[in-house]
file protein.cif (mmCIF, C-alpha atoms and all ligand atoms)
data_final
loop_
_atom_site.label_atom_id
_atom_site.label_comp_id
_atom_site.auth_asym_id
_atom_site.auth_seq_id
_atom_site.Cartn_x
_atom_site.Cartn_y
_atom_site.Cartn_z
CA MET A 1 0.00 0.00 0.00
CA PHE A 2 0.96 3.64 -0.30
CA TYR A 3 -0.71 6.53 1.47
CA ARG A 4 -0.24 10.25 1.90
CA PRO A 5 -0.70 11.06 5.62
CA ALA A 6 -2.65 14.20 4.77
CA GLU A 7 -5.25 12.04 2.99
CA GLY A 8 -5.51 9.25 5.60
CA HIS A 9 -4.21 5.68 5.77
CA GLY A 10 -7.49 3.75 5.53
CA LEU A 11 -6.38 1.25 8.20
CA PRO A 12 -8.22 0.71 11.51
CA HIS A 13 -5.29 2.26 13.43
CA ASP A 14 -2.56 4.71 12.43
CA PRO A 15 0.51 2.64 11.43
CA PHE A 16 3.02 5.53 11.76
CA LYS A 17 4.37 4.74 15.24
CA ALA A 18 4.48 1.01 14.46
CA MET A 19 6.99 1.76 11.71
CA VAL A 20 9.20 4.15 13.69
CA ALA A 21 9.71 1.40 16.23
CA PRO A 22 10.93 0.41 18.70
CA ARG A 23 11.51 3.83 20.28
CA PRO A 24 13.34 4.19 23.58
CA VAL A 25 11.38 5.92 26.32
CA GLY A 26 12.81 9.08 27.85
CA TRP A 27 11.12 9.31 31.23
CA VAL A 28 11.58 13.03 31.68
CA SER A 29 11.83 14.58 35.14
CA THR A 30 11.72 18.34 35.66
CA LEU A 31 11.04 21.01 38.26
CA ASP A 32 8.54 23.79 37.73
CA ALA A 33 9.19 27.44 38.62
CA GLN A 34 7.95 26.71 42.18
CA ASP A 35 10.36 23.73 42.50
CA ARG A 36 7.57 21.14 42.23
CA ALA A 37 8.69 17.90 40.60
CA ASN A 38 7.16 16.43 37.45
CA LEU A 39 7.77 13.11 35.70
CA ALA A 40 6.34 11.86 32.38
CA PRO A 41 7.37 9.43 29.61
CA TYR A 42 8.22 10.60 26.09
CA SER A 43 8.92 8.01 23.39
CA PHE A 44 9.64 10.56 20.73
CA PHE A 45 13.06 10.47 22.35
CA ASN A 46 16.51 9.79 21.04
CA GLY A 47 20.17 10.73 21.00
CA CYS A 48 20.92 13.38 18.38
CA GLY A 49 24.55 14.36 18.94
CA ASP A 50 27.83 12.90 20.16
CA ALA A 51 30.38 15.52 21.23
CA PRO A 52 28.80 17.00 23.23
CA PRO A 53 26.23 14.26 23.67
CA LEU A 54 22.77 15.57 22.84
CA VAL A 55 19.28 14.14 23.28
CA MET A 56 15.88 15.21 22.01
CA PHE A 57 12.32 14.54 23.01
CA ALA A 58 9.11 15.85 21.54
CA GLN A 59 5.67 16.79 22.69
CA THR A 60 2.96 15.69 20.29
CA GLY A 61 -0.71 16.33 20.72
CA ARG A 62 -2.32 18.36 23.42
CA LYS A 63 -2.77 18.74 27.11
CA SER A 64 -6.36 18.50 28.35
CA ARG A 65 -6.34 22.23 29.08
CA PRO A 66 -6.73 24.03 25.76
CA GLU A 67 -3.78 26.23 24.74
CA ALA A 68 -1.52 24.65 27.37
CA VAL A 69 1.62 22.74 26.54
CA LYS A 70 2.44 19.63 28.55
CA ASP A 71 3.87 20.24 32.02
CA THR A 72 7.28 18.89 30.98
CA ILE A 73 7.57 21.45 28.18
CA ALA A 74 6.40 24.30 30.43
CA ASN A 75 8.97 23.27 33.05
CA VAL A 76 11.81 23.01 30.54
CA ARG A 77 10.93 26.47 29.28
CA ALA A 78 10.93 27.80 32.87
CA THR A 79 14.15 26.14 34.12
CA GLY A 80 16.22 25.13 31.06
CA GLU A 81 16.87 21.70 32.58
CA PHE A 82 15.55 18.14 32.50
CA ALA A 83 16.65 14.60 33.25
CA CYS A 84 15.94 11.59 31.02
CA ASN A 85 15.47 8.50 33.17
CA ILE A 86 15.99 5.19 31.38
CA VAL A 87 13.05 2.84 31.99
CA SER A 88 13.91 -0.75 32.95
CA LYS A 89 11.27 -3.41 32.52
CA ALA A 90 10.87 -3.49 36.31
CA LEU A 91 9.72 0.16 36.15
CA LYS A 92 7.18 -0.21 33.31
CA ASP A 93 4.07 0.08 35.49
CA ALA A 94 5.38 3.11 37.39
CA MET A 95 6.29 4.71 34.05
CA ASN A 96 2.80 4.05 32.71
CA LEU A 97 1.17 5.43 35.87
CA SER A 98 3.18 8.64 35.51
CA SER A 99 1.79 9.20 31.99
CA GLY A 100 -1.70 10.10 33.21
CA THR A 101 -3.03 13.61 32.62
CA TYR A 102 -2.46 15.18 36.03
CA GLN A 103 -2.57 18.78 37.17
CA PRO A 104 0.84 20.52 37.39
CA GLU A 105 0.82 20.32 41.21
CA VAL A 106 0.75 16.51 41.14
CA ASP A 107 4.16 14.99 41.89
CA GLU A 108 4.32 11.79 39.79
CA PHE A 109 7.30 10.53 41.86
CA GLU A 110 5.00 10.34 44.89
CA LEU A 111 2.06 9.07 42.85
CA ALA A 112 4.09 6.16 41.46
CA GLY A 113 6.01 5.43 44.71
CA LEU A 114 9.40 6.30 43.23
CA THR A 115 12.54 7.57 44.96
CA LYS A 116 13.01 11.26 44.13
CA THR A 117 16.78 11.56 44.02
CA PRO A 118 18.41 15.03 43.89
CA GLY A 119 20.21 15.98 40.69
CA ARG A 120 24.01 16.32 40.65
CA ALA A 121 24.65 18.51 37.58
CA ILE A 122 21.15 20.04 37.46
CA ALA A 123 18.52 20.94 40.04
CA ALA A 124 15.83 18.62 38.66
CA PRO A 125 15.51 15.32 40.55
CA HIS A 126 15.57 11.90 38.94
CA VAL A 127 14.22 8.39 39.52
CA GLY A 128 16.44 6.62 42.05
CA GLU A 129 15.37 3.21 40.73
CA ALA A 130 16.33 3.99 37.09
CA PRO A 131 19.26 1.98 35.67
CA ALA A 132 20.65 5.15 34.08
CA VAL A 133 19.85 8.87 34.06
CA LEU A 134 20.94 11.60 31.65
CA GLU A 135 20.94 15.05 33.26
CA CYS A 136 20.47 17.69 30.56
CA ARG A 137 20.58 21.44 29.97
CA THR A 138 18.33 22.72 27.22
CA VAL A 139 20.13 23.76 24.04
CA LYS A 140 17.16 24.54 21.83
CA ILE A 141 13.36 24.30 21.77
CA VAL A 142 11.90 23.95 18.30
CA ASP A 143 8.32 25.15 18.48
CA ASP A 144 7.59 26.36 14.96
CA LEU A 145 6.62 22.92 13.65
CA PRO A 146 3.39 22.32 11.74
CA SER A 147 0.32 21.03 13.57
CA TRP A 148 -2.93 19.78 12.05
CA ARG A 149 -5.01 20.00 15.20
CA GLU A 150 -6.29 22.99 17.10
CA HIS A 151 -4.57 23.53 20.46
CA ALA A 152 -2.20 20.64 19.69
CA PHE A 153 1.51 21.25 19.35
CA ASN A 154 4.55 19.50 17.96
CA ILE A 155 7.50 20.77 19.98
CA ILE A 156 11.04 19.35 20.07
CA VAL A 157 13.35 19.92 23.03
CA ILE A 158 17.07 19.35 22.48
CA GLY A 159 19.36 19.08 25.48
CA GLU A 160 23.05 18.65 26.17
CA ILE A 161 23.85 15.83 28.58
CA VAL A 162 25.83 17.40 31.43
CA GLY A 163 25.71 14.54 33.95
CA VAL A 164 25.21 10.77 33.69
CA HIS A 165 24.23 8.32 36.42
CA ILE A 166 24.64 4.58 35.79
CA ASP A 167 23.66 1.95 38.35
CA ASP A 168 26.97 0.14 38.97
CA ALA A 169 25.06 -3.16 39.13
CA TYR A 170 24.68 -2.95 35.35
CA ILE A 171 28.34 -2.29 34.49
CA ARG A 172 29.84 -5.63 33.45
CA GLU A 173 33.41 -6.76 34.16
CA ASP A 174 34.41 -5.83 30.58
CA GLY A 175 33.24 -2.25 31.27
CA ARG A 176 30.22 -2.44 28.99
CA ILE A 177 26.69 -1.79 30.16
CA ASP A 178 24.55 -4.91 30.49
CA VAL A 179 21.48 -3.76 28.58
CA GLU A 180 19.93 -7.23 28.58
CA ALA A 181 20.04 -7.23 32.38
CA PHE A 182 17.94 -4.09 32.89
CA LYS A 183 15.82 -4.55 29.76
CA PRO A 184 15.10 -1.02 28.56
CA VAL A 185 11.44 -0.48 27.76
CA ALA A 186 10.71 0.64 24.21
CA ARG A 187 7.48 1.82 22.67
CA MET A 188 6.12 0.57 19.39
CA GLY A 189 2.82 1.33 17.65
CA TYR A 190 -0.68 1.00 19.09
CA MET A 191 -0.37 -0.01 22.78
CA ASP A 192 2.62 -2.28 22.13
CA TYR A 193 5.93 -2.30 23.99
CA THR A 194 9.10 -4.34 23.71
CA THR A 195 12.54 -4.70 25.26
CA VAL A 196 16.00 -5.87 24.20
CA THR A 197 16.27 -9.66 23.89
CA ASP A 198 18.49 -10.09 20.83
CA VAL A 199 21.90 -8.40 20.77
CA TRP A 200 24.57 -8.96 18.13
CA GLU A 201 27.77 -7.21 17.13
CA MET A 202 28.47 -6.19 13.55
CA LEU A 203 31.62 -4.37 12.40
CA ARG A 204 31.40 -1.66 9.78
CA PRO A 205 33.07 -2.24 6.40
CA ASP A 206 35.68 0.46 6.96
C1 LIG B 301 5.27 5.08 26.79
C2 LIG B 301 4.71 6.45 26.58
C3 LIG B 301 5.33 7.30 25.69
C4 LIG B 301 4.84 8.59 25.48
N1 LIG B 301 5.48 9.39 24.58
C5 LIG B 301 5.05 10.66 24.38
C6 LIG B 301 5.75 11.52 23.48
O1 LIG B 301 6.75 11.16 22.85
N2 LIG B 301 5.27 12.79 23.33
C7 LIG B 301 4.17 13.23 24.03
O2 LIG B 301 3.79 14.38 23.85
N3 LIG B 301 3.51 12.43 24.90
C8 LIG B 301 3.93 11.17 25.10
N4 LIG B 301 3.28 10.36 25.98
C9 LIG B 301 2.15 10.91 26.76
C10 LIG B 301 2.66 11.76 27.92
O3 LIG B 301 3.43 10.98 28.81
C11 LIG B 301 1.41 12.32 28.66
O4 LIG B 301 0.76 13.27 27.82
C12 LIG B 301 1.75 12.96 29.99
O5 LIG B 301 0.56 13.27 30.68
C13 LIG B 301 2.56 14.24 29.84
O6 LIG B 301 2.85 14.68 31.15
P1 LIG B 301 3.31 16.14 31.50
O7 LIG B 301 2.15 17.08 31.17
O8 LIG B 301 3.58 16.04 32.96
O9 LIG B 301 4.55 16.44 30.69
C14 LIG B 301 3.71 9.05 26.18
C15 LIG B 301 3.06 8.18 27.08
C16 LIG B 301 3.56 6.89 27.27
C17 LIG B 301 2.87 5.97 28.23
#
call {"tool": "encode", "arguments": {"input": "protein.cif", "output": "structure tokens", "more": "lines below"}}
Ligand SMILES: Cc1cc2nc3c(=O)[nH]c(=O)nc-3n(C[C@H](O)[C@H](O)[C@H](O)COP(=O)(O)O)c2cc1C
result
Amino acid sequence: MFYRPAEGHGLPHDPFKAMVAPRPVGWVSTLDAQDRANLAPYSFFNGCGDAPPLVMFAQTGRKSRPEAVKDTIANVRATGEFACNIVSKALKDAMNLSSGTYQPEVDEFELAGLTKTPGRAIAAPHVGEAPAVLECRTVKIVDDLPSWREHAFNIIVIGEIVGVHIDDAYIREDGRIDVEAFKPVARMGYMDYTTVTDVWEMLRPD
């Protein structure tokens, strides 16, 4: 089949996210201007630079309050900082719980029973149970992207990683990180998730 997104796909469910899959989940923790903590998952998340290391995540869609951006975006705008917590399979239900549409004053760390650990390189806290955490300072917010829906925004946040936490339990004797041990949660299309179960090494031709 071939379809132009502007004209519709004709399938029972939108296949887009099932093709850009699996996507890692950046479980983004921030502080608001009153120092209240916020935590929410973003699977439009990836690395986008090496030296310095950069990451991006994107808001899609809308918040329930018309005109409002998601709390994470508002907090990043206010503070210029965020942490991307890596989601192990053991944390999948807490991650899912934190994705509900809550008012800004709700602290999803408390809601999901997570350890709110103070940041080292930034003020925003992170998830103590996460296998790894990337503390970031905002480099750029791209908010002039097209949107088809009223009061819905596509906004990309790009951050420079300025501090990295790794749970020592997942650093193997050879110095590599044991991804298969913590099983990072990745989002696919529909309501589907996956994790890493099949790792191989392949050298480049040159
Ligand atoms: C696994 C998962 C991935 C998600 N990825 C995104 C995403 O990439 N962009 C987005 O805008 N919302 C995403 N969401 C929905 C947000 O987590 C949800 O809108 C949340 O309420 C936003 O919280 P906030 O207002 O505190 O930032 C995702 C939800 C789940 C469960």
call {"tool": "residues_around", "arguments": {"input": "protein.cif", "residues": "A:Ser147", "least_positions_apart": "6", "cutoff": "10 Å", "atoms": "only C-alpha atoms", "output": "list in words"}}
result
Thr60, Gly61, Phe153, Asn154 and Ile155 of chain A
call {"tool": "write_last_selection", "arguments": {"input": "protein.cif", "atoms": "C-alpha atoms", "output": "PDB file, keeping the file's coordinate frame"}}
result
ATOM      1  CA  THR A  60       2.960  15.690  20.290  1.00  0.00           C
ATOM      2  CA  GLY A  61      -0.710  16.330  20.720  1.00  0.00           C
ATOM      3  CA  PHE A 153       1.510  21.250  19.350  1.00  0.00           C
ATOM      4  CA  ASN A 154       4.550  19.500  17.960  1.00  0.00           C
ATOM      5  CA  ILE A 155       7.500  20.770  19.980  1.00  0.00           C
TER       6      ILE A 155
END
call {"tool": "axis_aligned_box", "arguments": {"input": "protein.cif", "around": "ligand LIG 301 (chain B)", "padding_each_side": "6 Å", "output": "lines of an AutoDock Vina configuration file"}}
result
center_x = 3.7
center_y = 11.1
center_z = 27.9
size_x = 18.2
size_y = 24.0
size_z = 22.1
call {"tool": "atom_distance", "arguments": {"input": "protein.cif", "atom1": "atom CA of A:Trp27", "atom2": "atom CA of A:Ala169"}}
result
20.3 Å
call {"tool": "atom_distance", "arguments": {"input": "protein.cif", "atom1": "atom CA of A:Tyr42", "atom2": "atom C17 of ligand LIG 301 (chain B)"}}
result
7.4 Å
call {"tool": "residues_near_ligand", "arguments": {"input": "protein.cif", "ligand": "ligand LIG 301 (chain B)", "cutoff": "6 Å", "atoms": "all atoms listed in the file", "output": "ChimeraX atom specification"}}
result
/A:38-44,58-61,70-72,96,99-101,187
call {"tool": "residues_near_point", "arguments": {"input": "protein.cif", "point": "(25.2, 19.9, 31.8)", "cutoff": "12 Å", "atoms": "all atoms listed in the file", "output": "count of residues only"}}
result
26
call {"tool": "atom_distance", "arguments": {"input": "protein.cif", "atom1": "atom CA of A:Val69", "atom2": "atom CA of A:Tyr102"}}
result
12.8 Å
call {"tool": "closest_residue", "arguments": {"input": "protein.cif", "among": "A:Ala181, A:Ile156, A:Met188, A:Val28", "to": "A:Cys48", "atoms": "only C-alpha atoms"}}
result
A:Ile156
call {"tool": "closest_residue", "arguments": {"input": "protein.cif", "among": "A:Gly175, A:Pro12, A:Pro184, A:Pro104", "to": "A:Lys92", "atoms": "all atoms listed in the file"}}
result
A:Pro184
call {"tool": "closest_residue", "arguments": {"input": "protein.cif", "among": "A:Ala51, A:Cys84, A:Ala68, A:Ala94", "to": "A:Ser29", "atoms": "all atoms listed in the file"}}
result
A:Cys84
call {"tool": "residues_around", "arguments": {"input": "protein.cif", "residues": "A:Gly113", "least_positions_apart": "6", "cutoff": "12 Å", "atoms": "all atoms listed in the file", "output": "number ranges by chain"}}
result
A: 39, 91, 93-95, 97-98, 107, 127-129
call {"tool": "residues_around", "arguments": {"input": "protein.cif", "residues": "A:Gly189", "least_positions_apart": "6", "cutoff": "12 Å", "atoms": "all atoms listed in the file", "output": "VMD selection string"}}
result
chain A and resid 13 to 23 43 to 44
call {"tool": "closest_residue", "arguments": {"input": "protein.cif", "among": "A:Pro24, A:Pro5, A:Pro146, A:Pro118", "to": "A:Ala37", "atoms": "all atoms listed in the file"}}
result
A:Pro118
call {"tool": "closest_residue", "arguments": {"input": "protein.cif", "among": "A:Ile141, A:Ile86, A:Leu203, A:Ile171", "to": "A:His126", "atoms": "only C-alpha atoms"}}
result
A:Ile86
